[in-house]
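Next comes entry-v5.cif, a file with mmCIF, C-alpha atoms.
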```cif
data_data
loop_
_atom_site.label_atom_id
_atom_site.label_comp_id
_atom_site.auth_asym_id
_atom_site.auth_seq_id
_atom_site.Cartn_x
_atom_site.Cartn_y
_atom_site.Cartn_z
CA MET A 1 -16.45 -29.54 17.65
CA GLU A 2 -16.38 -25.86 18.39
CA ILE A 3 -13.76 -23.26 19.12
CA ALA A 4 -15.14 -20.13 20.70
CA ALA A 5 -13.83 -16.63 20.20
CA GLY A 6 -11.01 -15.96 22.64
CA GLU A 7 -10.34 -19.66 23.10
CA THR A 8 -7.15 -21.55 22.34
CA VAL A 9 -7.22 -25.25 21.54
CA ALA A 10 -4.10 -27.38 21.33
CA LEU A 11 -4.29 -30.25 18.86
CA ARG A 12 -2.08 -33.20 19.67
CA GLY A 13 -1.43 -36.55 18.11
CA GLY A 14 1.30 -38.81 16.90
CA ASN A 15 3.03 -38.51 13.56
CA GLY A 16 0.59 -39.28 10.77
CA ALA A 17 -2.43 -38.95 13.05
CA GLY A 18 -4.01 -36.34 10.79
CA LYS A 19 -3.35 -33.10 12.64
CA THR A 20 -2.25 -31.22 9.54
CA THR A 21 -5.14 -32.63 7.54
CA LEU A 22 -7.60 -31.52 10.21
CA LEU A 23 -6.11 -28.01 10.23
CA ARG A 24 -6.33 -27.91 6.44
CA CYS A 25 -10.00 -28.85 6.67
CA LEU A 26 -10.60 -26.16 9.29
CA ALA A 27 -8.88 -23.68 6.96
CA ALA A 28 -11.09 -24.85 4.05
CA ILE A 29 -8.04 -25.74 1.98
CA THR A 30 -9.01 -29.40 1.96
CA HIS A 31 -12.56 -30.69 1.70
CA PRO A 32 -13.43 -33.27 4.36
CA THR A 33 -14.93 -36.52 3.15
CA ARG A 34 -17.64 -36.11 5.79
CA GLY A 35 -18.81 -33.23 7.93
CA GLU A 36 -18.74 -29.50 7.49
CA VAL A 37 -16.68 -26.55 8.61
CA TRP A 38 -18.41 -23.35 9.64
CA TRP A 39 -16.91 -19.98 10.49
CA PHE A 40 -19.07 -17.59 12.49
CA GLY A 41 -22.21 -19.40 11.44
CA GLN A 42 -21.40 -19.55 7.73
CA PRO A 43 -20.14 -22.49 5.64
CA ALA A 44 -16.41 -22.19 5.14
CA TYR A 45 -16.48 -23.43 1.53
CA GLY A 46 -18.79 -20.73 0.24
CA ASP A 47 -17.85 -17.14 -0.50
CA PRO A 48 -14.06 -16.72 -0.91
CA ALA A 49 -14.39 -13.40 0.91
CA LEU A 50 -14.98 -15.36 4.13
CA ARG A 51 -11.33 -16.40 4.04
CA ARG A 52 -10.55 -13.00 5.53
CA HIS A 53 -11.58 -14.60 8.81
CA VAL A 54 -8.69 -17.07 8.79
CA GLY A 55 -4.94 -16.91 9.10
CA MET A 56 -2.83 -20.04 8.93
CA VAL A 57 0.76 -20.98 9.64
CA ALA A 58 1.79 -24.25 8.00
CA HIS A 59 4.84 -26.48 7.95
CA GLU A 60 6.05 -24.71 4.84
CA SER A 61 6.75 -21.04 4.93
CA ARG A 62 4.43 -20.29 1.97
CA LEU A 63 6.75 -17.43 1.04
CA TYR A 64 7.35 -16.75 -2.63
CA PRO A 65 11.06 -17.37 -3.18
CA HIS A 66 11.56 -14.49 -5.63
CA LEU A 67 9.78 -11.84 -3.59
CA THR A 68 11.58 -10.19 -0.71
CA LEU A 69 10.33 -10.69 2.84
CA ARG A 70 8.66 -7.28 2.71
CA GLU A 71 7.12 -7.96 -0.70
CA ASN A 72 5.68 -11.24 0.55
CA LEU A 73 3.92 -9.42 3.39
CA LEU A 74 2.91 -6.62 1.05
CA PHE A 75 1.37 -9.11 -1.39
CA ALA A 76 -0.57 -10.79 1.40
CA GLY A 77 -1.77 -7.43 2.71
CA ARG A 78 -2.93 -6.33 -0.72
CA MET A 79 -4.72 -9.61 -1.35
CA TYR A 80 -6.54 -9.33 1.97
CA GLY A 81 -7.48 -5.78 1.07
CA ILE A 82 -6.16 -4.20 4.24
CA ASP A 83 -5.65 -0.46 4.53
CA HIS A 84 -2.05 0.71 4.20
CA PRO A 85 -0.49 -2.68 3.46
CA ALA A 86 3.00 -1.19 3.18
CA GLN A 87 2.88 0.25 6.70
CA ARG A 88 1.44 -3.00 8.02
CA ALA A 89 4.25 -4.99 6.39
CA ASP A 90 6.89 -2.70 7.89
CA GLN A 91 5.25 -2.89 11.30
CA LEU A 92 5.10 -6.69 11.25
CA LEU A 93 8.70 -6.99 10.14
CA ALA A 94 9.71 -4.75 13.04
CA ASP A 95 7.58 -6.82 15.43
CA VAL A 96 9.33 -10.04 14.41
CA GLY A 97 12.74 -8.36 14.59
CA LEU A 98 13.47 -8.60 10.87
CA ALA A 99 13.15 -4.99 9.74
CA GLU A 100 16.77 -4.88 8.65
CA HIS A 101 16.27 -8.01 6.53
CA ALA A 102 13.16 -6.71 4.76
CA GLU A 103 14.74 -6.63 1.31
CA ARG A 104 16.22 -10.11 1.49
CA LEU A 105 14.75 -13.10 -0.29
CA PRO A 106 13.32 -15.99 1.75
CA THR A 107 16.02 -18.26 0.35
CA HIS A 108 18.67 -15.96 1.79
CA VAL A 109 17.48 -16.07 5.39
CA SER A 110 17.47 -18.84 7.94
CA ARG A 111 14.60 -21.28 8.48
CA GLY A 112 13.72 -19.58 11.74
CA MET A 113 13.62 -16.14 10.14
CA ALA A 114 11.41 -17.44 7.34
CA GLN A 115 9.13 -18.99 9.95
CA ARG A 116 8.79 -15.64 11.71
CA VAL A 117 7.78 -14.00 8.46
CA ALA A 118 5.35 -16.84 7.80
CA VAL A 119 3.70 -16.12 11.14
CA ALA A 120 3.65 -12.42 10.33
CA ARG A 121 2.02 -13.24 7.02
CA ALA A 122 -0.76 -15.12 8.79
CA LEU A 123 -1.34 -12.11 11.03
CA VAL A 124 -1.22 -9.39 8.37
CA HIS A 125 -5.01 -9.05 8.24
CA GLU A 126 -5.56 -9.60 11.99
CA PRO A 127 -7.78 -12.64 11.51
CA PRO A 128 -10.33 -13.67 14.14
CA ILE A 129 -9.42 -17.33 13.50
CA LEU A 130 -5.82 -18.47 13.63
CA LEU A 131 -4.67 -21.98 12.74
CA LEU A 132 -1.05 -22.90 13.36
CA ASP A 133 0.71 -26.15 12.48
CA GLU A 134 3.66 -26.58 14.84
CA PRO A 135 4.36 -22.85 14.74
CA PHE A 136 7.21 -22.97 17.23
CA ALA A 137 9.27 -25.33 15.08
CA GLY A 138 12.44 -23.64 13.88
CA LEU A 139 12.09 -20.62 16.17
CA ASP A 140 14.83 -19.66 18.58
CA ALA A 141 14.10 -18.69 22.18
CA GLU A 142 13.46 -15.07 21.25
CA GLY A 143 11.14 -16.06 18.44
CA GLN A 144 9.23 -18.47 20.65
CA ALA A 145 8.82 -15.79 23.29
CA TRP A 146 7.51 -13.37 20.68
CA LEU A 147 5.07 -15.93 19.27
CA THR A 148 3.81 -16.90 22.71
CA HIS A 149 3.22 -13.25 23.57
CA THR A 150 1.47 -12.71 20.23
CA LEU A 151 -0.85 -15.69 20.68
CA VAL A 152 -1.75 -14.62 24.20
CA THR A 153 -2.45 -11.10 22.95
CA MET A 154 -4.62 -12.38 20.11
CA ARG A 155 -6.52 -14.69 22.44
CA GLU A 156 -7.25 -11.79 24.74
CA ALA A 157 -8.43 -9.81 21.72
CA GLY A 158 -11.01 -12.53 20.99
CA CYS A 159 -9.20 -14.60 18.38
CA ALA A 160 -10.07 -18.30 18.16
CA ILE A 161 -6.83 -20.23 17.95
CA CYS A 162 -6.03 -23.84 17.19
CA PHE A 163 -2.44 -25.00 17.09
CA THR A 164 -0.67 -28.32 16.84
CA THR A 165 2.28 -29.17 18.99
CA HIS A 166 4.21 -32.01 20.56
CA ASP A 167 5.40 -29.79 23.39
CA GLU A 168 3.54 -30.20 26.68
CA ALA A 169 4.89 -26.93 28.02
CA GLN A 170 3.28 -25.02 25.16
CA VAL A 171 0.00 -26.79 25.79
CA ASP A 172 0.10 -25.87 29.46
CA GLN A 173 1.07 -22.30 28.72
CA LEU A 174 -1.33 -21.48 25.93
CA ALA A 175 -4.21 -23.93 25.62
CA ASP A 176 -7.61 -23.64 27.21
CA ARG A 177 -8.53 -27.07 25.88
CA THR A 178 -6.69 -29.95 24.33
CA TRP A 179 -7.79 -32.19 21.51
CA GLU A 180 -6.04 -35.40 20.61
CA LEU A 181 -6.16 -37.35 17.37
CA ARG A 182 -5.70 -41.06 17.85
CA CYS A 183 -6.48 -43.84 15.37
CA GLY A 184 -8.74 -41.62 13.31
CA ARG A 185 -10.69 -40.41 16.31
CA LEU A 186 -10.68 -36.97 17.84
CA TYR A 187 -10.81 -36.76 21.60
CA GLU A 188 -11.05 -33.89 23.98
CA LEU A 189 -8.77 -34.35 26.94
CA ALA A 190 -9.77 -33.37 30.43
CA THR A 191 -7.67 -33.80 33.52
CA VAL A 192 -9.96 -33.85 36.49
CA LEU A 193 -7.42 -33.76 39.28
CA PRO A 194 -3.69 -33.18 39.36
CA TYR A 195 -1.74 -36.35 38.58
CA ASP A 196 -4.86 -38.15 37.38
CA ARG A 197 -4.66 -39.91 34.07
CA PRO A 198 -6.20 -37.70 31.41
CA ARG A 199 -9.74 -38.65 30.54
CA ARG A 200 -10.71 -38.66 26.92
CA ARG A 201 -14.08 -37.66 25.58
CA GLU A 202 -14.54 -38.62 21.98
CA LEU A 203 -15.58 -35.73 19.76
CA ALA A 204 -15.55 -37.29 16.32
CA HIS A 205 -14.02 -39.96 14.22
CA ALA A 206 -13.11 -40.31 10.60
CA ALA A 207 -13.94 -43.43 8.64
CA MET B 1 -10.31 -6.90 -9.54
CA ALA B 2 -7.36 -5.59 -7.55
CA ALA B 3 -6.45 -9.14 -6.56
CA PHE B 4 -6.24 -10.10 -10.24
CA TRP B 5 -3.71 -7.37 -10.95
CA TRP B 6 -1.64 -8.12 -7.86
CA ILE B 7 -1.32 -11.77 -8.86
CA VAL B 8 -0.27 -10.76 -12.39
CA HIS B 9 2.21 -8.29 -10.91
CA LYS B 10 3.59 -10.90 -8.53
CA ASP B 11 4.07 -13.48 -11.28
CA LEU B 12 5.73 -11.03 -13.66
CA VAL B 13 8.09 -9.77 -10.95
CA SER B 14 8.96 -13.35 -9.97
CA GLU B 15 9.66 -14.34 -13.55
CA PHE B 16 11.69 -11.20 -14.21
CA ARG B 17 13.89 -11.94 -11.21
CA SER B 18 14.20 -15.68 -11.64
CA ARG B 19 14.37 -15.75 -15.43
CA ARG B 20 13.49 -19.42 -15.16
CA VAL B 21 10.99 -19.83 -17.92
CA TRP B 22 10.89 -17.11 -20.52
CA PRO B 23 14.52 -17.38 -21.67
CA ALA B 24 14.23 -21.15 -21.98
CA MET B 25 10.93 -20.79 -23.78
CA LEU B 26 12.37 -18.33 -26.29
CA LEU B 27 15.44 -20.48 -26.81
CA LEU B 28 13.35 -23.60 -27.39
CA GLY B 29 11.21 -21.74 -29.87
CA ILE B 30 14.24 -20.52 -31.76
CA VAL B 31 15.81 -23.99 -31.84
CA VAL B 32 12.61 -25.58 -33.10
CA ALA B 33 12.24 -22.89 -35.74
CA LEU B 34 15.81 -23.36 -36.89
CA VAL B 35 15.55 -27.15 -37.01
CA PHE B 36 12.31 -27.03 -38.96
CA SER B 37 13.52 -24.41 -41.39
CA LEU B 38 17.06 -25.54 -42.02
CA GLN B 39 16.48 -29.28 -42.15
CA VAL B 40 13.54 -29.17 -44.49
CA GLU B 41 14.49 -28.05 -47.98
CA LEU B 42 11.43 -27.03 -49.87
CA LEU B 43 10.43 -24.92 -52.79
CA ALA B 44 8.97 -21.50 -52.07
CA GLU B 45 5.44 -22.66 -52.78
CA GLN B 46 5.83 -25.62 -50.48
CA LYS B 47 7.18 -23.39 -47.72
CA GLN B 48 4.08 -21.23 -48.01
CA GLN B 49 1.97 -24.33 -47.47
CA ILE B 50 3.67 -25.54 -44.30
CA VAL B 51 5.01 -22.42 -42.59
CA GLY B 52 1.74 -21.96 -40.68
CA GLY B 53 1.73 -25.46 -39.26
CA LEU B 54 5.40 -25.37 -38.30
CA LEU B 55 5.07 -21.95 -36.73
CA TRP B 56 2.13 -22.84 -34.51
CA LEU B 57 3.63 -26.19 -33.53
CA SER B 58 6.75 -24.33 -32.45
CA VAL B 59 4.64 -21.87 -30.47
CA PHE B 60 2.79 -24.72 -28.80
CA PHE B 61 5.85 -26.72 -27.72
CA ALA B 62 7.71 -23.66 -26.48
CA GLY B 63 4.57 -22.29 -24.86
CA ALA B 64 3.97 -25.57 -23.03
CA MET B 65 7.00 -24.74 -20.90
CA VAL B 66 5.28 -21.58 -19.78
CA PHE B 67 2.00 -23.35 -19.02
CA ASP B 68 3.75 -25.89 -16.85
CA ARG B 69 5.74 -23.27 -14.98
CA SER B 70 2.80 -20.93 -14.47
CA PHE B 71 1.98 -22.79 -11.30
CA ALA B 72 5.47 -24.02 -10.53
CA ALA B 73 6.18 -21.12 -8.23
CA GLU B 74 2.99 -21.91 -6.36
CA ARG B 75 4.17 -25.49 -5.81
CA ASP B 76 7.31 -24.22 -4.09
CA GLU B 77 7.17 -23.85 -0.33
CA GLY B 78 3.46 -24.54 -0.12
CA CYS B 79 2.54 -21.29 -1.85
CA TRP B 80 -0.35 -23.04 -3.60
CA ASP B 81 -2.09 -23.57 -0.28
CA GLY B 82 -1.24 -20.01 0.63
CA LEU B 83 -2.96 -18.83 -2.54
CA LYS B 84 -6.03 -20.93 -1.75
CA LEU B 85 -6.22 -19.28 1.67
CA LEU B 86 -6.54 -15.83 0.16
CA PRO B 87 -9.97 -14.22 -0.23
CA VAL B 88 -9.89 -14.34 -4.02
CA SER B 89 -12.12 -16.36 -6.30
CA PRO B 90 -10.59 -19.27 -8.22
CA GLY B 91 -11.79 -17.64 -11.41
CA ALA B 92 -9.74 -14.53 -10.67
CA VAL B 93 -6.67 -16.69 -10.02
CA PHE B 94 -7.23 -18.48 -13.32
CA LEU B 95 -7.61 -15.22 -15.25
CA ALA B 96 -4.47 -13.79 -13.65
CA LYS B 97 -2.40 -16.85 -14.53
CA TRP B 98 -3.96 -16.87 -18.00
CA THR B 99 -3.01 -13.23 -18.51
CA VAL B 100 0.63 -13.92 -17.66
CA ASN B 101 0.64 -16.89 -20.04
CA VAL B 102 -0.85 -14.77 -22.82
CA LEU B 103 1.88 -12.20 -22.30
CA ALA B 104 4.49 -14.96 -22.46
CA LEU B 105 3.04 -16.29 -25.71
CA ALA B 106 2.96 -12.76 -27.13
CA ALA B 107 6.66 -12.37 -26.36
CA LEU B 108 7.34 -15.77 -27.96
CA GLU B 109 5.33 -15.02 -31.08
CA SER B 110 6.91 -11.60 -31.51
CA LEU B 111 10.19 -13.47 -31.88
CA LEU B 112 9.12 -16.63 -33.70
CA ILE B 113 6.87 -15.14 -36.36
CA PRO B 114 9.54 -12.84 -37.85
CA LEU B 115 12.11 -15.63 -37.50
CA PHE B 116 9.97 -18.14 -39.37
CA PHE B 117 9.27 -15.70 -42.16
CA VAL B 118 12.90 -14.74 -42.52
CA LEU B 119 14.01 -18.39 -42.57
CA SER B 120 11.24 -19.25 -45.04
CA ASP B 121 12.15 -16.28 -47.21
CA LEU B 122 8.59 -14.99 -47.06
CA PRO B 123 7.61 -11.31 -46.90
CA LEU B 124 6.59 -10.54 -43.34
CA ALA B 125 5.53 -6.93 -43.80
CA ALA B 126 2.98 -7.93 -46.42
CA HIS B 127 1.15 -10.08 -43.89
CA ALA B 128 1.84 -8.21 -40.67
CA TRP B 129 -1.70 -7.24 -39.66
CA GLN B 130 -3.11 -10.65 -40.57
CA LEU B 131 -0.47 -12.41 -38.50
CA ALA B 132 -0.99 -10.04 -35.59
CA LEU B 133 -4.72 -10.75 -35.68
CA ILE B 134 -4.18 -14.51 -35.85
CA ALA B 135 -1.77 -14.38 -32.91
CA ALA B 136 -4.13 -12.14 -30.93
CA LEU B 137 -6.92 -14.69 -31.26
CA ALA B 138 -4.92 -17.93 -31.04
CA SER B 139 -2.84 -17.10 -27.97
CA PRO B 140 -5.78 -16.62 -25.57
CA GLY B 141 -7.22 -20.01 -26.49
CA LEU B 142 -3.87 -21.79 -26.16
CA ALA B 143 -3.14 -20.06 -22.88
CA ALA B 144 -6.58 -20.86 -21.47
CA VAL B 145 -6.21 -24.60 -22.03
CA GLY B 146 -2.63 -24.63 -20.81
CA THR B 147 -3.49 -22.67 -17.68
CA LEU B 148 -6.44 -24.89 -16.82
CA VAL B 149 -4.52 -28.14 -17.29
CA SER B 150 -1.52 -26.81 -15.39
CA GLY B 151 -3.77 -25.79 -12.52
CA LEU B 152 -5.35 -29.22 -12.56
CA ALA B 153 -1.93 -30.84 -12.37
CA THR B 154 -0.92 -28.58 -9.49
CA GLY B 155 -4.14 -29.23 -7.62
CA GLY B 156 -3.51 -32.93 -7.99
CA GLY B 157 -0.11 -32.50 -6.44
CA LYS B 158 1.69 -33.46 -9.58
CA GLY B 159 4.23 -31.58 -11.56
CA GLY B 160 4.17 -30.93 -15.27
CA ASN B 161 4.94 -34.44 -16.40
CA GLY B 162 2.79 -35.25 -19.35
CA LEU B 163 1.30 -31.78 -19.49
CA VAL B 164 2.00 -31.54 -23.21
CA LEU B 165 0.31 -34.87 -23.81
CA VAL B 166 -2.84 -33.67 -22.09
CA VAL B 167 -2.90 -30.18 -23.59
CA LEU B 168 -2.14 -31.09 -27.19
CA PRO B 169 -5.39 -32.92 -28.01
CA LEU B 170 -7.38 -30.09 -26.48
CA VAL B 171 -5.69 -27.35 -28.49
CA ILE B 172 -5.66 -29.17 -31.84
CA PRO B 173 -8.64 -27.08 -33.02
CA VAL B 174 -6.78 -23.87 -32.16
CA LEU B 175 -3.57 -25.03 -33.80
CA LEU B 176 -5.39 -26.19 -36.93
CA ALA B 177 -7.31 -22.94 -37.23
CA ALA B 178 -4.22 -20.81 -36.62
CA ALA B 179 -2.15 -22.84 -39.09
CA GLU B 180 -4.84 -22.63 -41.75
CA CYS B 181 -5.30 -18.90 -41.20
CA THR B 182 -1.56 -18.40 -41.53
CA ARG B 183 -1.37 -20.50 -44.70
CA LEU B 184 -4.18 -18.55 -46.31
CA ALA B 185 -2.66 -15.24 -45.25
CA VAL B 186 0.73 -16.17 -46.70
CA ALA B 187 -0.97 -17.25 -49.92
CA GLN B 188 -2.75 -13.88 -49.91
CA GLN B 189 -6.14 -15.53 -49.82
CA ILE B 190 -7.85 -13.13 -47.41
CA ASP B 191 -11.30 -14.29 -48.38
CA GLU B 192 -14.40 -15.66 -46.75
CA ALA B 193 -12.61 -18.89 -45.79
CA TRP B 194 -9.89 -16.95 -43.98
CA TRP B 195 -12.44 -14.94 -42.01
CA ARG B 196 -14.29 -18.12 -41.06
CA TRP B 197 -11.11 -19.70 -39.69
CA LEU B 198 -10.42 -16.47 -37.85
CA GLN B 199 -13.91 -16.47 -36.33
CA LEU B 200 -13.31 -20.04 -35.29
CA LEU B 201 -10.19 -18.92 -33.43
CA GLY B 202 -12.22 -16.27 -31.68
CA VAL B 203 -14.91 -18.76 -30.71
CA PHE B 204 -12.33 -21.19 -29.35
CA ALA B 205 -10.77 -18.39 -27.32
CA ILE B 206 -14.11 -17.39 -25.80
CA VAL B 207 -15.11 -21.00 -25.09
CA PHE B 208 -11.83 -22.00 -23.50
CA ILE B 209 -11.49 -18.83 -21.41
CA THR B 210 -15.06 -19.18 -20.15
CA ALA B 211 -14.66 -22.88 -19.45
CA GLY B 212 -11.38 -22.28 -17.66
CA THR B 213 -12.83 -19.53 -15.50
CA LEU B 214 -15.84 -21.62 -14.51
CA LEU B 215 -14.07 -24.96 -14.11
CA PHE B 216 -10.91 -23.82 -12.37
CA GLU B 217 -12.51 -24.01 -8.96
CA TYR B 218 -13.21 -27.71 -9.47
CA ALA B 219 -9.84 -28.34 -11.08
CA ILE B 220 -8.00 -27.17 -7.98
CA GLU B 221 -10.34 -28.62 -5.39
CA ASP B 222 -8.49 -30.77 -2.91
#
```

Final structure tokens representation of the file:
Amino acid sequence: MEIAAGETVALRGGNGAGKTTLLRCLAAITHPTRGEVWWFGQPAYGDPALRRHVGMVAHESRLYPHLTLRENLLFAGRMYGIDHPAQRADQLLADVGLAEHAERLPTHVSRGMAQRVAVARALVHEPPILLLDEPFAGLDAEGQAWLTHTLVTMREAGCAICFTTHDEAQVDQLADRTWELRCGRLYELATVLPYDRPRRRELAHAA
Amino acid sequence: MAAFWWIVHKDLVSEFRSRRVWPAMLLLGIVVALVFSLQVELLAEQKQQIVGGLLWLSVFFAGAMVFDRSFAAERDEGCWDGLKLLPVSPGAVFLAKWTVNVLALAALESLLIPLFFVLSDLPLAAHAWQLALIAALASPGLAAVGTLVSGLATGGGKGGNGLVLVVLPLVIPVLLAAAECTRLAVAQQIDEAWWRWLQLLGVFAIVFITAGTLLFEYAIED
């Protein structure tokens, strides 16, 4: 299984199929029982410095509840060692439309606002690999439009993106390829002609 | 190196704002000290014999709250996975958490040691530098074990249930050495035996900190 630079892959599957687990393996948070994950030709579980290649948006916001929205982004920026983390945090908050809420705690903002900041946090270091687990969940129309625009922009900049979704419209709009997890097997879907039934090509399966 | 300091800063800021752990830890330490001291009526000589053991037991039980909570904030909202995504070595994460725990124990001991001596009617000033030295060597060892076990519990997806039961057997050498050092200091027996117990505390601290730094990566592996 490969995702090339500038390519977007949509990962689909039913509840409990293993989409989140697969993303966690790709992010090197979870060790797979079999197989390996490589980023740009290097093993993902080696040097921690390689994690600068990856940004991830998960189900949870991963925001520290006692740091403000700005401080959460600032902490992430400092940990990734980016230049001028304060300016980057302010810029991202403005991009997601939350500049005026910068000094609020994550517990004092809505789920959708926290999700926007979570996305911003994943982008703080401009990673070349972006993994997103149902990133549109909880976002309003404006937020979804912003995220779609951001993902398109990142794809055009050469970012390799993999996101999970149950929404066909998002797949059609964003994905170059589609993977599907079904019964422990990973398939790549290909629709040969309009209105044909999708054909599945098995990529891998887990024991 | 910078990542280490930013994690320490983040944890201290979070604790200062939430005040979830340190106040409860200090209160528990005070309650334990009061219960031990007021319920046990002993002669002055007998108090000298047991004050060390009671003090360090109090530090341990109150400090266990801190060890458990040192990763509690990371368990909230998936922050633990967020921390594992960052380009920082597990050893640096361990040392940062350990540093915060050492600071917490230092705050606890700065309150409990004078309290125990006042309640035991023992002269604190006469033993101040010895007690400071004992605390400076015992706290790192206690904090190292507590941090490692707490990280292991967090990596296993479990909370702090039973943390004390796991940590206590591992820190018995530290508690024994600290208690014996304290007893000898109170009895004004700063002799070769005292220095040997003190060296033992130092060795435990080095061993546990090194082991924690090297093993933390495997403790948190998912």

Just the number, please: distance in Å from CA of Leu175 (chain B) to CA of Val35 (chain B), one decimal.
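Going from CA of Leu175 (chain B) over to CA of Val35 (chain B) covers 19.5 Å.
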
Could you list, as an MDAnalysis selection string, the residues of chain B having an atom within 9 Å of chain A when counting only C-alpha atoms?
chainID B and resid 2:3 6:7 10 13:15 17:18 73:74 76:90 221:222

Name the residues captured by the PyMOL selection byres ((chain A and resi 11) around 12) when it is applied to the shown file; answer as a VMD selection string.
chain A and resid 3 8 to 10 12 to 14 17 to 23 131 to 134 161 to 168 170 to 171 174 to 182 186 to 189

What residues come out when you apply the PyMOL selection byres ((chain B and resi 58-65) around 9) to this file, written as a PyMOL selection string?
chain B and resi 21-22+24-30+32-33+36+53-57+66-70+101+104-105+108-109+112+142-143+146+160+163-164+167-168+171+175

Pick out the residues sitting within 9 Å of Leu148 (chain B), and hand them over as a PyMOL selection string; count all atoms listed in the file, and ignore anything fewer than 2 positions along from it in its own chain.
chain B and resi 67+94+98+143-146+150-153+211-213+215-216+219

Would you output that residue set with C-alpha atoms, as a CSV table (one decimal), in the coordinates of the input?
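Here's the written file selection_21.csv:
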```
chain,number,residue,atom,x,y,z
B,67,PHE,CA,2.0,-23.4,-19.0
B,94,PHE,CA,-7.2,-18.5,-13.3
B,98,TRP,CA,-4.0,-16.9,-18.0
B,143,ALA,CA,-3.1,-20.1,-22.9
B,144,ALA,CA,-6.6,-20.9,-21.5
B,145,VAL,CA,-6.2,-24.6,-22.0
B,146,GLY,CA,-2.6,-24.6,-20.8
B,150,SER,CA,-1.5,-26.8,-15.4
B,151,GLY,CA,-3.8,-25.8,-12.5
B,152,LEU,CA,-5.4,-29.2,-12.6
B,153,ALA,CA,-1.9,-30.8,-12.4
B,211,ALA,CA,-14.7,-22.9,-19.4
B,212,GLY,CA,-11.4,-22.3,-17.7
B,213,THR,CA,-12.8,-19.5,-15.5
B,215,LEU,CA,-14.1,-25.0,-14.1
B,216,PHE,CA,-10.9,-23.8,-12.4
B,219,ALA,CA,-9.8,-28.3,-11.1
```

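Note that the spacing between CA of Ser120 (chain B) and CA of Gln199 (chain B) amounts to 26.8 Å.
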
May I ask for the distance between CA of Ala5 (chain A) and CA of Pro127 (chain A), given in Å to one decimal place?
11.3 Å

Nearest to Ala102 (chain A), chosen from A:Arg70, A:Trp39, A:Leu151, A:Gly158, with all atoms listed in the file counted in the distances:
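Closest candidate: A:Arg70.
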
Using all atoms listed in the file for the distances, tell me which of B:Ile190, B:Ile172, B:Leu95, B:Trp129 is nearest to Thr210 (chain B).
B:Leu95

For the structure provided, state which residues fall under the PyMOL selection byres ((chain B and resi 201-205) around 12), and present them as a PyMOL selection string.
chain B and resi 98+102+133-145+170-182+194-200+206-212

From the list A:Gly143, A:Gly46, A:Gly35, A:Gly6, the nearest residue to Ala114 (chain A) using only C-alpha atoms is A:Gly143

Do you know which residues are at most 12 Å from region 92-98 of chain A counting only C-alpha atoms, after dropping those on the same chain fewer than 5 positions away, and could you put them as a compact mmCIF listing (two decimals) with C-alpha atoms, keeping the file's coordinate frame?
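The file below, around03.txt, is the result:
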```
# COMPACT_ATOMS: atom_id res chain seq x y z
CA THR A 68 11.58 -10.19 -0.71
CA LEU A 69 10.33 -10.69 2.84
CA ARG A 70 8.66 -7.28 2.71
CA GLU A 71 7.12 -7.96 -0.70
CA ASN A 72 5.68 -11.24 0.55
CA LEU A 73 3.92 -9.42 3.39
CA LEU A 74 2.91 -6.62 1.05
CA GLY A 77 -1.77 -7.43 2.71
CA PRO A 85 -0.49 -2.68 3.46
CA ALA A 86 3.00 -1.19 3.18
CA GLN A 87 2.88 0.25 6.70
CA GLU A 103 14.74 -6.63 1.31
CA ARG A 104 16.22 -10.11 1.49
CA PRO A 106 13.32 -15.99 1.75
CA VAL A 109 17.48 -16.07 5.39
CA SER A 110 17.47 -18.84 7.94
CA GLY A 112 13.72 -19.58 11.74
CA MET A 113 13.62 -16.14 10.14
CA ALA A 114 11.41 -17.44 7.34
CA GLN A 115 9.13 -18.99 9.95
CA ARG A 116 8.79 -15.64 11.71
CA VAL A 117 7.78 -14.00 8.46
CA ALA A 118 5.35 -16.84 7.80
CA VAL A 119 3.70 -16.12 11.14
CA ALA A 120 3.65 -12.42 10.33
CA ARG A 121 2.02 -13.24 7.02
CA ALA A 122 -0.76 -15.12 8.79
CA LEU A 123 -1.34 -12.11 11.03
CA VAL A 124 -1.22 -9.39 8.37
CA HIS A 125 -5.01 -9.05 8.24
CA GLU A 126 -5.56 -9.60 11.99
CA LEU A 139 12.09 -20.62 16.17
CA ASP A 140 14.83 -19.66 18.58
CA GLU A 142 13.46 -15.07 21.25
CA GLY A 143 11.14 -16.06 18.44
CA GLN A 144 9.23 -18.47 20.65
CA ALA A 145 8.82 -15.79 23.29
CA TRP A 146 7.51 -13.37 20.68
CA LEU A 147 5.07 -15.93 19.27
CA HIS A 149 3.22 -13.25 23.57
CA THR A 150 1.47 -12.71 20.23
```

Spatial neighbours of Ala128 (chain B), max dist 12 Å, only C-alpha atoms, sep filter under 4 positions, as an mmCIF file with C-alpha atoms, in the coordinates of the input:
```cif
data_model
loop_
_atom_site.group_PDB
_atom_site.id
_atom_site.type_symbol
_atom_site.label_atom_id
_atom_site.label_comp_id
_atom_site.auth_asym_id
_atom_site.auth_seq_id
_atom_site.Cartn_x
_atom_site.Cartn_y
_atom_site.Cartn_z
ATOM 1 C CA SER B 110 6.910 -11.600 -31.510
ATOM 2 C CA ILE B 113 6.870 -15.140 -36.360
ATOM 3 C CA PRO B 114 9.540 -12.840 -37.850
ATOM 4 C CA PHE B 117 9.270 -15.700 -42.160
ATOM 5 C CA LEU B 122 8.590 -14.990 -47.060
ATOM 6 C CA PRO B 123 7.610 -11.310 -46.900
ATOM 7 C CA LEU B 124 6.590 -10.540 -43.340
ATOM 8 C CA ALA B 132 -0.990 -10.040 -35.590
ATOM 9 C CA LEU B 133 -4.720 -10.750 -35.680
ATOM 10 C CA ILE B 134 -4.180 -14.510 -35.850
ATOM 11 C CA ALA B 135 -1.770 -14.380 -32.910
ATOM 12 C CA THR B 182 -1.560 -18.400 -41.530
ATOM 13 C CA ALA B 185 -2.660 -15.240 -45.250
ATOM 14 C CA VAL B 186 0.730 -16.170 -46.700
ATOM 15 C CA GLN B 188 -2.750 -13.880 -49.910
#
```
